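Below is one structure, written out as structure tokens; the observations come after it.
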Amino acid sequence: MSSPLASFRFQSFDLLATLVAVVRSDGEVLFANSALEDALGSSRRTIEGSILPDSFTEPHDLHRALQGAGGNQFAALRYDAWLKRLNHEPFPVHVIVTQTEVPDEIVVELLPLEQQARQEREERLVDQAQANKELIRNLAHEIKNPLGGIRGAAQLLEMEVESRDLKEYTQVIIHEADRLQTLVDRLLAPHRRPHVVGDVNMHEVCERVRALIVAEFPRGLKVVRDYDTSIPEFRGDREQLIQTVLNVAHNACHALAERMSQGDACLTFRTRIARQVTFGKQRYRLALELHVIDNGPGIPDSIKDRIFYPLVSGREGGSGLGLTLAQTFVQQHHGLIEVESVPGRTDFKILIPLP
């Protein structure tokens, strides 16, 4: 059993998202951090004093690693293993066994392989969103200036020509220039508008979006509300979040067109509290988890990996900006948006840290 002094020395490990235990060379646990408590489903009091290798499907591997570390055969060792959990199936982890400067005191770090893959995916999403943001902003500015010149020249030309047919051509130029200008304004909108922060109730956001969706799609669509009413208010930009959820829900409704005609389309708003979650390389005690789920045909495989890229759309006539803007707005709230999609079920999940 660890002493209060030892617990004080190791308390910084509680700030880590990875699972960490400090053990003796015989496997006795001196300290277990909060993440390891959560993973094993046991309290720190229960874990400390137990034999850590007994928590693995192959305890001999860790015993050998600890003996090697205790005997100064190596400074660090890595291998993959399966960690047992209370009332759950074992799950794969990457084990790192490291010596410390204190005799017979060894740090064992466990990286869930699924979590590691998820973290890498989240890092790619963040990098992708930043690249999208820069691309959009630069592209929009490059288009904006010559576009104004084209429109101005078309207006001057229209005043000079007398032929009705030629005037129609200049009107086409002006109309198309205006359409492109509207697109450019949409591209630049999230970067121009200030981030207005206030108290946000996510269920009020969902209800506002629901009202808009029901008004636009009054037939053949069932909207299900599955709310956890214990979710507290948080600081955020209400209008940005309404736009985010509306963009996702609007895309879902267009994908549900065929099922609406059959009368069995379903759109679900589900809120939950997620505990001890990690995204964006940071661990949060609590986070809001909003799911927007539809029973449509699913996202086409050809664009599934690019769904948040700008100008990528799965439907005819779509601008391909809705999900890109949703991703931008969620990240401005230090959150994450991701999607899982198979035929018959598409689930957009929005995670936002809670205080």
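Lettering and numbering for the structure tokens are positional, with chains as A, B, ... in the shown order, residues counted from 1 in each chain, and ligands counted from 1 in the shown order.
Within the 10 Å cut-off around A:Pro297, using only C-alpha atoms and omitting residues fewer than 3 positions from it on the same chain, the listed residues are Ala252, Ala255, Leu256, Ala257, Glu258, Arg259, Asp294, Pro300, Ser341, Val342, Pro343, Gly344, Arg345 and Thr346 of chain A.
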Query raised in the report: Any idea what's packed within 8 Å of stretch 27-42 of chain A, counting only C-alpha atoms, ignoring anything in its chain fewer than 2 positions away? Could you give it as a count of residues only?
Result: 33
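Atom CA of A:Pro218 sits 23.2 Å away from atom CA of A:Leu241.
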